[in-house]
Amino acid sequence: MPVRPTAALPALLAAALAATALTACGSGSGSDPDTLKVSFKQSTDNSIKVMDDYLAGIKKQFEKANPGKKVELIPIKAPDSEYYTKVQQMLRSPKTAPDLVYEDTFLINSDITSGYLKPLDTYLAKWPDWNQFIDTAKTAAKGEDGKTYGVPDGTDTRGLWFDKGIFAKAGLPADWQPKTWDDVLDAARTIKAKVPDVTPLNVYTGKPAGEAATMQGFEMLLYGTDTGGTDPLYDSTSKKWIAGGQGFKDALTFVETVYKEKLGPDVETALDPNIQTIVRGDLLPNGKLGIDLDGSWLPQDWLEGSGHEWPEWSSKLGLAPMPTQHGQAPGKVSMSGGWTWAIPAKAANPDLAFDFIKTMQTKANAQKWYIANSGIAVRKDVAEDPAYTAAQPGIKFFTDLVASTHYRPAFPAYPKVSTAIQEAMEGVTTGDKSVADAAKGYDEELKSAADGQVIQK
Amino acid sequence: MKRTVARILPLTPATLLLLLFLAGPIAYCAYIAFTDLQLTGQAHESFVGFDNFRTAFGDEAFLNAVWLTLVFTVVSALLGQNTLGLALAALMQRASKPVRTLTGAIVITAWVLPEVVAGFLLYAFFRKEGTLNALLDWLHLPTQNWLFTLPILAVSFANVWRGTAFSMLVYSAALNEIPKEITEAAEVDGAGGWRRLWHITLPMIRRSIATNLMLITLQTLSVFGLIWVMTRGGPSGKSQTLPLFMYEEAFQKSMIGYGTAVALLLLLVGGLFSMVYVRLLRTEI
């Protein structure tokens with residue numbers, strides 16, 4: 001019996017469909033050699049366009065200087081932790097990898113180990129401006145193999161912001177400079193007693209706040225304890241992670257005290273995933289927060305054209321370094337991180353991407369960026385420029401903290417260690433766990449996060 | 001022979017597509033579950049056998065998520081959506097047309113809303129300054145932050161609110177299928193409302209019950225957006241069901257292999273539930 005003529009059609013269709021489906025998976029990156037894809041983190045706050053505006057300006061300069069080339073900006077609008085996830089998924093495949101990516105130094109080593117990024121040493125060797133970068137910044141994006149994988153676009157430091165108006169009402173000095181943790185807690189207690197309708201002290205905590213809880217919150221405490229030293233989390237001689245000791249428990253006790261005595265935001269607000277936006281966009285500008293342990297970048301949200309303009313902040317807010325636990329030397333603590341521009345290993349146009357980095361990092365453009373995002377300069381020529389230090393109140397204060405700052409042990413296990421810290425913090429914040437239990441929980445989590453590479457100190 | 005070929009050929013495109021887009025990813029997932037694949041922090045993954053599953057059963061957070069998933073499913077699907085859907089369907093059989101239309105419209109609106117929108121609505125209902133507390137306050141009853149004190153019940157209620165429409169539609173269709181004569185005959189014989197329900201209605205809609213239970217269980221097991229928006233699984237994991245746990249392990253802690261293993265276990269839980277329904281209601285689907 002002959003095959004019905006109609007049967008040929010489905011067969012053909014089947015073959016065609018299968019072929020398209022299969023080739024769609026196997027085809028090349030499909031990217032255009034004249035289009036540079038730049039992905040970056042867009043603020044989750046719709047009114048904040050600092051990064052968007054800055055990159056739009058650079059795009060214009062770059063396209064003008066490189067006729068025929070186009071820059072495609074790919075904004076990723078997400079909170080930090082989801083931004084990292086999204087970027088990592090993009091970096092896995094040549095089809096989705098952009099040519100240039102904005103990487104937090106928090107994750108860069110992890111992504112280097114995964115082979116997601118391209119070493120930049122050959123480019124850097126031919127780029128005279130690289131000598132302008134301060135040494136600590138140069139190491140921020142260095143892999144364990146000694147190669148450099150990113151160009152930092154600034155750094156940051158952390159300290160205490162306080163509301164002078166609330167301080168005046170509570171009878172506290174306008175030039176407040178706490179010497180110990182107890183000074184900080186006592187000031188918060190005074191505010192709670194005398195100005196009852198405000199939140200006395202904000203310390204980021206718990207998993208919803210993510211890395212902000214670990215870095216602005218916990219590590220600002222931990223690095224100022226007796227066992228703090230240079231790195232209380234990681235022992236570089238034995239290359240092992242350090243299980244929680246007394247300093248770890250003391251830092252947890254501080255967090256517990258803040259939330260148990262109701263000195264902090266109510267626990268529900270503290271564990272709101274948008275807590276950072278709440279603090280910067282509402283609590284501080286509206287005079288509802290006494291003391292905030294936070295980063296140097298806050299004013300970027302208050303600059304003109306940023307959406308929440310609040311130019312008076314510099315007369316309303318005071319700044320003080322975070323003290324060490326008992327005031328022991330050096331007396332103050334700061335943590336530093338920052339973001340870098342990196343080129344994915346699977347980028348289609350790496351050379352063009354480095355040219356774009358060079359455009360962003362001319363002295364003039366770099367300076368413009370530091371000022372726009374309230375960043376701390378990592379270029380010596382900018383740091384020495386009076387136009388930079390005078391650009392904004394607070395820049396000098398936070399730049400001076402660079403001398404007593406610490407960097408996180410940014411090894412591949414760090415993100416997991418950080419989550420374990422957040423879990424311990426969350427336990428004492430809600431009151432579900434005692435300090436001892438939370439610290440024990442951390443030690444157990446640490447063992448699995450660090451693959452058993454743990455020592456007791 | 002040629003005839004068989006001619007008959008099979010038209011099915012080939014569908015089969016190929018199914019294999020490619022359905023079976024393919026599932027097989028790949030099953031493979032990943034036995035590796036230590038990470039999203040970042042690792043150059044090459046390796047095969048680790050049953051390690052991920054062993055880790056899961058030794059992980060308190062996993063066991064907590066399993067327990068919460070069971071609570072969430074039983075409370076919101078079996079007790080909530082299922083019984084409420086049946087009750088609404090039964091009541092609507094007797095209601096006047098305008099009442100029927102209005103109730104139907106309201107319930108179905110809740111169902112049609114995207115999960116995330118529904119999540120925000122119920123977040124606004126349950127939060128500290130939310131509608132529920134405003135109501136309670138008005139009635140001079142004590143208020144509390146429901147999302148903080150009873151997160152798993154709050155999200156269960158949200159899921160009931162959202163999913164009841166589906167059960168209602170299934171049961172309305174089933175109830176319409178029952179021949180009037182049988183009910184009338186029972187009524188003539190003097191059977192009261194409860195007896196008619198127990199001896200006539202329920203046995204006659206047995207198959208619909210099984211289908212409904214199975215579908216809503218599978219839907220509920222995979223609810224993610226609703227809980228994510230309302231509580232993010234918090235506070236301290238008190239509303240962290242398996243899909244949220246999976247997301248955290250796979251994408252926030254970068255352990256794709258482990259997260260996928262948990263996904264397979266979730267599949268197993270769904271399978272177990274389905275088997276129980278089929279057995280209990282002795283029906284072939």
# chains A, B, ... in the order shown; residues from 1 in each chain; ligands from 1
call {"tool": "interface_residues", "arguments": {"of": "chain B", "to": "chain A", "cutoff": "9 Å", "atoms": "only C-alpha atoms", "output": "PDB file with N, CA, C and O atoms, in the first residue's frame"}}
result
ATOM      1  N   LYS B   2       4.344  -0.745   5.938  1.00  0.00           N
ATOM      2  CA  LYS B   2       4.349   0.633   5.472  1.00  0.00           C
ATOM      3  C   LYS B   2       3.240   1.424   6.130  1.00  0.00           C
ATOM      4  O   LYS B   2       3.385   2.595   6.470  1.00  0.00           O
ATOM      5  N   ARG B   3       2.120   0.725   6.375  1.00  0.00           N
ATOM      6  CA  ARG B   3       0.967   1.364   6.974  1.00  0.00           C
ATOM      7  C   ARG B   3       1.301   1.821   8.400  1.00  0.00           C
ATOM      8  O   ARG B   3       0.974   2.933   8.819  1.00  0.00           O
ATOM      9  N   VAL B   5       4.214   2.561   9.592  1.00  0.00           N
ATOM     10  CA  VAL B   5       5.112   3.710   9.484  1.00  0.00           C
ATOM     11  C   VAL B   5       4.312   4.975   9.217  1.00  0.00           C
ATOM     12  O   VAL B   5       4.480   5.998   9.876  1.00  0.00           O
ATOM     13  N   ALA B   6       3.373   4.863   8.272  1.00  0.00           N
ATOM     14  CA  ALA B   6       2.576   6.029   7.912  1.00  0.00           C
ATOM     15  C   ALA B   6       1.760   6.515   9.099  1.00  0.00           C
ATOM     16  O   ALA B   6       1.502   7.698   9.257  1.00  0.00           O
ATOM     17  N   ARG B   7       1.378   5.583   9.976  1.00  0.00           N
ATOM     18  CA  ARG B   7       0.582   5.986  11.143  1.00  0.00           C
ATOM     19  C   ARG B   7       1.445   6.618  12.221  1.00  0.00           C
ATOM     20  O   ARG B   7       1.008   7.494  12.956  1.00  0.00           O
ATOM     21  N   LEU B   9       4.347   8.175  11.745  1.00  0.00           N
ATOM     22  CA  LEU B   9       5.002   9.407  11.305  1.00  0.00           C
ATOM     23  C   LEU B   9       4.370  10.701  11.828  1.00  0.00           C
ATOM     24  O   LEU B   9       5.081  11.561  12.342  1.00  0.00           O
ATOM     25  N   PRO B  10       3.045  10.847  11.722  1.00  0.00           N
ATOM     26  CA  PRO B  10       2.458  12.116  12.197  1.00  0.00           C
ATOM     27  C   PRO B  10       2.733  12.385  13.670  1.00  0.00           C
ATOM     28  O   PRO B  10       2.692  13.537  14.119  1.00  0.00           O
ATOM     29  N   LEU B  11       2.996  11.330  14.438  1.00  0.00           N
ATOM     30  CA  LEU B  11       3.237  11.529  15.875  1.00  0.00           C
ATOM     31  C   LEU B  11       4.667  11.929  16.171  1.00  0.00           C
ATOM     32  O   LEU B  11       4.991  12.372  17.265  1.00  0.00           O
ATOM     33  N   THR B  12       5.537  11.751  15.203  1.00  0.00           N
ATOM     34  CA  THR B  12       6.962  11.987  15.443  1.00  0.00           C
ATOM     35  C   THR B  12       7.279  13.401  15.916  1.00  0.00           C
ATOM     36  O   THR B  12       8.039  13.551  16.871  1.00  0.00           O
ATOM     37  N   PRO B  13       6.730  14.437  15.268  1.00  0.00           N
ATOM     38  CA  PRO B  13       7.124  15.777  15.743  1.00  0.00           C
ATOM     39  C   PRO B  13       6.806  15.973  17.214  1.00  0.00           C
ATOM     40  O   PRO B  13       7.669  16.422  17.986  1.00  0.00           O
ATOM     41  N   ALA B  14       5.573  15.581  17.619  1.00  0.00           N
ATOM     42  CA  ALA B  14       5.189  15.757  19.012  1.00  0.00           C
ATOM     43  C   ALA B  14       6.113  14.975  19.936  1.00  0.00           C
ATOM     44  O   ALA B  14       6.599  15.480  20.939  1.00  0.00           O
ATOM     45  N   LEU B  16       9.166  13.933  19.368  1.00  0.00           N
ATOM     46  CA  LEU B  16      10.505  14.511  19.383  1.00  0.00           C
ATOM     47  C   LEU B  16      10.557  15.737  20.296  1.00  0.00           C
ATOM     48  O   LEU B  16      11.469  15.883  21.112  1.00  0.00           O
ATOM     49  N   LEU B  17       9.546  16.580  20.141  1.00  0.00           N
ATOM     50  CA  LEU B  17       9.528  17.809  20.942  1.00  0.00           C
ATOM     51  C   LEU B  17       9.430  17.465  22.426  1.00  0.00           C
ATOM     52  O   LEU B  17      10.108  18.059  23.259  1.00  0.00           O
ATOM     53  N   LEU B  20      12.668  16.246  23.635  1.00  0.00           N
ATOM     54  CA  LEU B  20      13.677  17.300  23.680  1.00  0.00           C
ATOM     55  C   LEU B  20      13.438  18.257  24.838  1.00  0.00           C
ATOM     56  O   LEU B  20      14.353  18.591  25.597  1.00  0.00           O
ATOM     57  N   GLN B  38      28.027  23.417  41.226  1.00  0.00           N
ATOM     58  CA  GLN B  38      27.767  24.690  41.895  1.00  0.00           C
ATOM     59  C   GLN B  38      27.601  25.787  40.857  1.00  0.00           C
ATOM     60  O   GLN B  38      28.126  25.693  39.762  1.00  0.00           O
ATOM     61  N   LEU B  39      26.885  26.827  41.270  1.00  0.00           N
ATOM     62  CA  LEU B  39      26.696  27.958  40.363  1.00  0.00           C
ATOM     63  C   LEU B  39      27.998  28.743  40.223  1.00  0.00           C
ATOM     64  O   LEU B  39      28.316  29.274  39.179  1.00  0.00           O
ATOM     65  N   THR B  40      28.750  28.810  41.309  1.00  0.00           N
ATOM     66  CA  THR B  40      30.032  29.508  41.287  1.00  0.00           C
ATOM     67  C   THR B  40      30.947  28.908  42.340  1.00  0.00           C
ATOM     68  O   THR B  40      30.493  28.240  43.260  1.00  0.00           O
ATOM     69  N   GLY B  41      32.249  29.145  42.179  1.00  0.00           N
ATOM     70  CA  GLY B  41      33.200  28.701  43.188  1.00  0.00           C
ATOM     71  C   GLY B  41      33.794  27.338  42.881  1.00  0.00           C
ATOM     72  O   GLY B  41      34.391  26.704  43.728  1.00  0.00           O
ATOM     73  N   GLN B  42      33.631  26.859  41.635  1.00  0.00           N
ATOM     74  CA  GLN B  42      34.083  25.512  41.328  1.00  0.00           C
ATOM     75  C   GLN B  42      34.403  25.435  39.842  1.00  0.00           C
ATOM     76  O   GLN B  42      33.651  25.945  39.017  1.00  0.00           O
ATOM     77  N   ALA B  43      35.543  24.817  39.512  1.00  0.00           N
ATOM     78  CA  ALA B  43      35.912  24.757  38.106  1.00  0.00           C
ATOM     79  C   ALA B  43      35.202  23.611  37.387  1.00  0.00           C
ATOM     80  O   ALA B  43      34.717  23.774  36.282  1.00  0.00           O
ATOM     81  N   HIS B  44      35.160  22.443  38.030  1.00  0.00           N
ATOM     82  CA  HIS B  44      34.493  21.293  37.414  1.00  0.00           C
ATOM     83  C   HIS B  44      33.662  20.564  38.449  1.00  0.00           C
ATOM     84  O   HIS B  44      34.091  20.440  39.592  1.00  0.00           O
ATOM     85  N   LYS B 128       1.486  44.151  59.731  1.00  0.00           N
ATOM     86  CA  LYS B 128       1.160  44.724  61.044  1.00  0.00           C
ATOM     87  C   LYS B 128       0.147  45.849  60.929  1.00  0.00           C
ATOM     88  O   LYS B 128      -0.793  45.941  61.707  1.00  0.00           O
ATOM     89  N   ASN B 145       1.319  40.665  64.551  1.00  0.00           N
ATOM     90  CA  ASN B 145       1.910  40.625  63.229  1.00  0.00           C
ATOM     91  C   ASN B 145       1.846  39.186  62.718  1.00  0.00           C
ATOM     92  O   ASN B 145       2.699  38.376  63.011  1.00  0.00           O
ATOM     93  N   LEU B 147       2.311  37.699  59.905  1.00  0.00           N
ATOM     94  CA  LEU B 147       3.384  37.170  59.067  1.00  0.00           C
ATOM     95  C   LEU B 147       4.591  36.809  59.914  1.00  0.00           C
ATOM     96  O   LEU B 147       5.473  36.085  59.486  1.00  0.00           O
ATOM     97  N   PHE B 148       4.619  37.333  61.120  1.00  0.00           N
ATOM     98  CA  PHE B 148       5.765  37.089  61.988  1.00  0.00           C
ATOM     99  C   PHE B 148       5.454  36.002  63.003  1.00  0.00           C
ATOM    100  O   PHE B 148       6.282  35.149  63.284  1.00  0.00           O
ATOM    101  N   THR B 231       6.672  36.263  52.805  1.00  0.00           N
ATOM    102  CA  THR B 231       7.567  36.084  53.964  1.00  0.00           C
ATOM    103  C   THR B 231       9.013  35.758  53.595  1.00  0.00           C
ATOM    104  O   THR B 231       9.869  35.737  54.468  1.00  0.00           O
ATOM    105  N   ARG B 232       9.283  35.435  52.349  1.00  0.00           N
ATOM    106  CA  ARG B 232      10.607  34.923  51.956  1.00  0.00           C
ATOM    107  C   ARG B 232      11.006  33.717  52.787  1.00  0.00           C
ATOM    108  O   ARG B 232      12.199  33.496  53.059  1.00  0.00           O
ATOM    109  N   GLY B 234      10.670  33.290  55.860  1.00  0.00           N
ATOM    110  CA  GLY B 234      11.039  33.642  57.222  1.00  0.00           C
ATOM    111  C   GLY B 234       9.847  33.771  58.119  1.00  0.00           C
ATOM    112  O   GLY B 234       8.749  33.451  57.708  1.00  0.00           O
ATOM    113  N   PRO B 235       9.971  34.284  59.322  1.00  0.00           N
ATOM    114  CA  PRO B 235      11.249  34.534  59.986  1.00  0.00           C
ATOM    115  C   PRO B 235      11.911  33.228  60.456  1.00  0.00           C
ATOM    116  O   PRO B 235      11.189  32.321  60.872  1.00  0.00           O
ATOM    117  N   SER B 236      13.219  33.190  60.343  1.00  0.00           N
ATOM    118  CA  SER B 236      14.002  32.017  60.749  1.00  0.00           C
ATOM    119  C   SER B 236      13.473  30.729  60.141  1.00  0.00           C
ATOM    120  O   SER B 236      13.366  29.724  60.832  1.00  0.00           O
ATOM    121  N   PHE B 251      20.342  28.636  44.438  1.00  0.00           N
ATOM    122  CA  PHE B 251      20.711  29.911  43.838  1.00  0.00           C
ATOM    123  C   PHE B 251      21.335  30.909  44.794  1.00  0.00           C
ATOM    124  O   PHE B 251      22.085  31.765  44.373  1.00  0.00           O
ATOM    125  N   GLN B 252      21.019  30.813  46.083  1.00  0.00           N
ATOM    126  CA  GLN B 252      21.646  31.772  46.987  1.00  0.00           C
ATOM    127  C   GLN B 252      22.928  31.203  47.566  1.00  0.00           C
ATOM    128  O   GLN B 252      23.885  31.922  47.774  1.00  0.00           O
ATOM    129  N   LYS B 253      22.928  29.878  47.833  1.00  0.00           N
ATOM    130  CA  LYS B 253      24.182  29.283  48.301  1.00  0.00           C
ATOM    131  C   LYS B 253      24.933  28.626  47.144  1.00  0.00           C
ATOM    132  O   LYS B 253      25.940  27.953  47.362  1.00  0.00           O
ATOM    133  N   SER B 254      24.409  28.760  45.925  1.00  0.00           N
ATOM    134  CA  SER B 254      25.067  28.270  44.703  1.00  0.00           C
ATOM    135  C   SER B 254      25.164  26.758  44.568  1.00  0.00           C
ATOM    136  O   SER B 254      25.858  26.274  43.699  1.00  0.00           O
TER     137      SER B 254
END
call {"tool": "residues_around", "arguments": {"residues": "Leu266 (chain B)", "least_positions_apart": "6", "cutoff": "9 Å", "atoms": "only C-alpha atoms", "output": "list in words"}}
result
Val66, Leu221, Ser222, Leu242 and Pro243 of chain B
call {"tool": "residues_around", "arguments": {"residues": "region 153-165 of chain A", "least_positions_apart": "5", "cutoff": "7 Å", "atoms": "only C-alpha atoms", "output": "ChimeraX atom specification"}}
result
/A:174,216,287,289-296,316-322,334-340,370,375-378,398,401-402
call {"tool": "closest_residue", "arguments": {"among": "B:Thr73, B:Asn133, B:Gln81, B:Thr55", "to": "Tyr258 (chain B)", "atoms": "only C-alpha atoms"}}
result
B:Thr55
call {"tool": "atom_distance", "arguments": {"atom1": "CA of Lys70 (chain A)", "atom2": "CA of Met90 (chain A)"}}
result
20.5 Å
call {"tool": "atom_distance", "arguments": {"atom1": "CA of Ala87 (chain B)", "atom2": "CA of Ser156 (chain B)"}}
result
18.4 Å
call {"tool": "residues_around", "arguments": {"residues": "Ile205 (chain B)", "least_positions_apart": "3", "cutoff": "9 Å", "atoms": "only C-alpha atoms", "output": "ChimeraX atom specification"}}
result
/B:171,174-175,177-178,200-202,208-210
call {"tool": "select_by_dssp", "arguments": {"residues": "region 252-451 of chain A", "states": "strand (DSSP E or B)", "output": "list in words"}}
result
Leu289, Gly290, Ile291, Asp292, Leu293, Asp294, Gly295, Leu317, Gly318, Leu319, Ala320, Met322, Pro323, Lys332, Val333, Ser334, Met335, Ser336, Trp339, Thr340, Trp341, Ala342, Pro344, Ile376, Arg379, Thr405, His406 and Tyr407 of chain A
call {"tool": "write_last_selection", "arguments": {"atoms": "N, CA and C atoms", "output": "mmCIF file, in the first residue's frame"}}
result
data_model
loop_
_atom_site.group_PDB
_atom_site.id
_atom_site.type_symbol
_atom_site.label_atom_id
_atom_site.label_comp_id
_atom_site.auth_asym_id
_atom_site.auth_seq_id
_atom_site.Cartn_x
_atom_site.Cartn_y
_atom_site.Cartn_z
ATOM 1 N N LEU A 289 15.548 57.806 62.744
ATOM 2 C CA LEU A 289 16.575 56.862 63.181
ATOM 3 C C LEU A 289 17.710 57.624 63.850
ATOM 4 N N GLY A 290 18.073 57.207 65.072
ATOM 5 C CA GLY A 290 19.111 57.892 65.832
ATOM 6 C C GLY A 290 20.509 57.622 65.309
ATOM 7 N N ILE A 291 20.889 56.317 65.305
ATOM 8 C CA ILE A 291 22.246 55.935 64.894
ATOM 9 C C ILE A 291 22.139 54.823 63.858
ATOM 10 N N ASP A 292 22.940 54.914 62.807
ATOM 11 C CA ASP A 292 22.916 53.887 61.776
ATOM 12 C C ASP A 292 24.333 53.417 61.489
ATOM 13 N N LEU A 293 24.559 52.109 61.678
ATOM 14 C CA LEU A 293 25.867 51.533 61.343
ATOM 15 C C LEU A 293 25.805 51.168 59.866
ATOM 16 N N ASP A 294 26.484 51.956 59.034
ATOM 17 C CA ASP A 294 26.228 51.789 57.588
ATOM 18 C C ASP A 294 27.425 52.234 56.756
ATOM 19 N N GLY A 295 27.259 52.186 55.437
ATOM 20 C CA GLY A 295 28.379 52.414 54.530
ATOM 21 C C GLY A 295 28.556 53.841 54.068
ATOM 22 N N LEU A 317 23.149 65.185 59.741
ATOM 23 C CA LEU A 317 23.756 63.942 60.203
ATOM 24 C C LEU A 317 25.199 64.155 60.627
ATOM 25 N N GLY A 318 25.602 63.437 61.677
ATOM 26 C CA GLY A 318 26.996 63.448 62.098
ATOM 27 C C GLY A 318 27.636 62.113 61.760
ATOM 28 N N LEU A 319 28.959 62.078 61.769
ATOM 29 C CA LEU A 319 29.679 60.845 61.449
ATOM 30 C C LEU A 319 30.663 60.517 62.554
ATOM 31 N N ALA A 320 30.751 59.229 62.892
ATOM 32 C CA ALA A 320 31.738 58.793 63.878
ATOM 33 C C ALA A 320 32.256 57.430 63.465
ATOM 34 N N MET A 322 33.267 53.576 63.859
ATOM 35 C CA MET A 322 32.807 52.508 64.742
ATOM 36 C C MET A 322 33.953 52.147 65.678
ATOM 37 N N PRO A 323 33.724 52.224 67.014
ATOM 38 C CA PRO A 323 34.823 51.916 67.936
ATOM 39 C C PRO A 323 35.059 50.416 68.061
ATOM 40 N N LYS A 332 39.401 52.143 66.235
ATOM 41 C CA LYS A 332 38.254 52.151 65.320
ATOM 42 C C LYS A 332 38.315 50.999 64.322
ATOM 43 N N VAL A 333 37.157 50.691 63.738
ATOM 44 C CA VAL A 333 37.042 49.575 62.805
ATOM 45 C C VAL A 333 36.366 50.053 61.532
ATOM 46 N N SER A 334 36.810 49.530 60.409
ATOM 47 C CA SER A 334 36.047 49.713 59.184
ATOM 48 C C SER A 334 36.254 48.486 58.312
ATOM 49 N N MET A 335 35.275 48.212 57.470
ATOM 50 C CA MET A 335 35.398 47.134 56.496
ATOM 51 C C MET A 335 35.353 47.769 55.105
ATOM 52 N N SER A 336 36.052 47.139 54.156
ATOM 53 C CA SER A 336 36.034 47.662 52.794
ATOM 54 C C SER A 336 35.733 46.574 51.781
ATOM 55 N N TRP A 339 33.252 47.294 44.123
ATOM 56 C CA TRP A 339 32.875 46.573 42.910
ATOM 57 C C TRP A 339 33.955 46.770 41.852
ATOM 58 N N THR A 340 34.024 45.814 40.925
ATOM 59 C CA THR A 340 35.017 45.907 39.861
ATOM 60 C C THR A 340 34.343 45.630 38.525
ATOM 61 N N TRP A 341 34.966 46.123 37.457
ATOM 62 C CA TRP A 341 34.518 45.772 36.113
ATOM 63 C C TRP A 341 35.368 44.618 35.644
ATOM 64 N N ALA A 342 34.726 43.528 35.217
ATOM 65 C CA ALA A 342 35.456 42.345 34.800
ATOM 66 C C ALA A 342 34.970 41.888 33.434
ATOM 67 N N PRO A 344 34.032 38.693 31.168
ATOM 68 C CA PRO A 344 33.719 37.268 31.245
ATOM 69 C C PRO A 344 34.618 36.445 30.335
ATOM 70 N N ILE A 376 34.664 55.837 47.383
ATOM 71 C CA ILE A 376 35.959 56.271 47.895
ATOM 72 C C ILE A 376 36.980 55.979 46.803
ATOM 73 N N ARG A 379 42.036 55.648 42.941
ATOM 74 C CA ARG A 379 43.095 56.229 42.100
ATOM 75 C C ARG A 379 43.788 57.321 42.903
ATOM 76 N N THR A 405 41.051 50.048 57.779
ATOM 77 C CA THR A 405 39.982 49.195 57.254
ATOM 78 C C THR A 405 40.441 47.748 57.091
ATOM 79 N N HIS A 406 39.467 46.865 56.959
ATOM 80 C CA HIS A 406 39.756 45.437 56.769
ATOM 81 C C HIS A 406 39.067 44.949 55.495
ATOM 82 N N TYR A 407 39.653 43.935 54.868
ATOM 83 C CA TYR A 407 39.023 43.312 53.712
ATOM 84 C C TYR A 407 38.552 41.916 54.098
#
call {"tool": "closest_residue", "arguments": {"among": "A:Gln422, A:Thr257, A:Ser43, A:Ser434", "to": "Phe218 (chain A)", "atoms": "only C-alpha atoms"}}
result
A:Gln422
call {"tool": "residues_around", "arguments": {"residues": "Leu122 (chain B)", "least_positions_apart": "4", "cutoff": "7 Å", "atoms": "only C-alpha atoms", "output": "PDB file with N, CA, C and O atoms, in the first residue's frame"}}
result
ATOM      1  N   ALA B 118      -1.243  38.359  43.922  1.00  0.00           N
ATOM      2  CA  ALA B 118      -1.991  37.810  45.047  1.00  0.00           C
ATOM      3  C   ALA B 118      -1.138  37.875  46.308  1.00  0.00           C
ATOM      4  O   ALA B 118      -1.626  38.214  47.393  1.00  0.00           O
ATOM      5  N   PHE B 126      -2.221  40.878  55.791  1.00  0.00           N
ATOM      6  CA  PHE B 126      -1.737  40.287  57.042  1.00  0.00           C
ATOM      7  C   PHE B 126      -0.724  41.133  57.798  1.00  0.00           C
ATOM      8  O   PHE B 126      -0.431  40.877  58.940  1.00  0.00           O
ATOM      9  N   ALA B 158      -3.487  32.274  52.507  1.00  0.00           N
ATOM     10  CA  ALA B 158      -3.336  32.936  51.210  1.00  0.00           C
ATOM     11  C   ALA B 158      -3.552  31.948  50.077  1.00  0.00           C
ATOM     12  O   ALA B 158      -4.197  32.250  49.082  1.00  0.00           O
TER      13      ALA B 158
END
call {"tool": "residues_around", "arguments": {"residues": "Val74 (chain B)", "least_positions_apart": "2", "cutoff": "12 Å", "atoms": "only C-alpha atoms", "output": "list in words"}}
result
Trp67, Leu68, Thr69, Leu70, Val71, Phe72, Ser76, Ala77, Leu78, Leu79, Gly80, Gln81, Asn82, Thr83, Ile152, Leu153, Ser156, Phe157, Asn159, Val160, Leu213, Ile216, Thr217, Leu218, Thr220, Leu221 and Phe273 of chain B
call {"tool": "residues_around", "arguments": {"residues": "Val435 (chain A)", "least_positions_apart": "2", "cutoff": "7 Å", "atoms": "only C-alpha atoms", "output": "PyMOL selection string"}}
result
chain A and resi 249+252-253+428+433+437-439
call {"tool": "closest_residue", "arguments": {"among": "B:Phe125, B:Phe21, B:Trp161, B:Phe245", "to": "Phe62 (chain B)", "atoms": "only C-alpha atoms"}}
result
B:Phe245
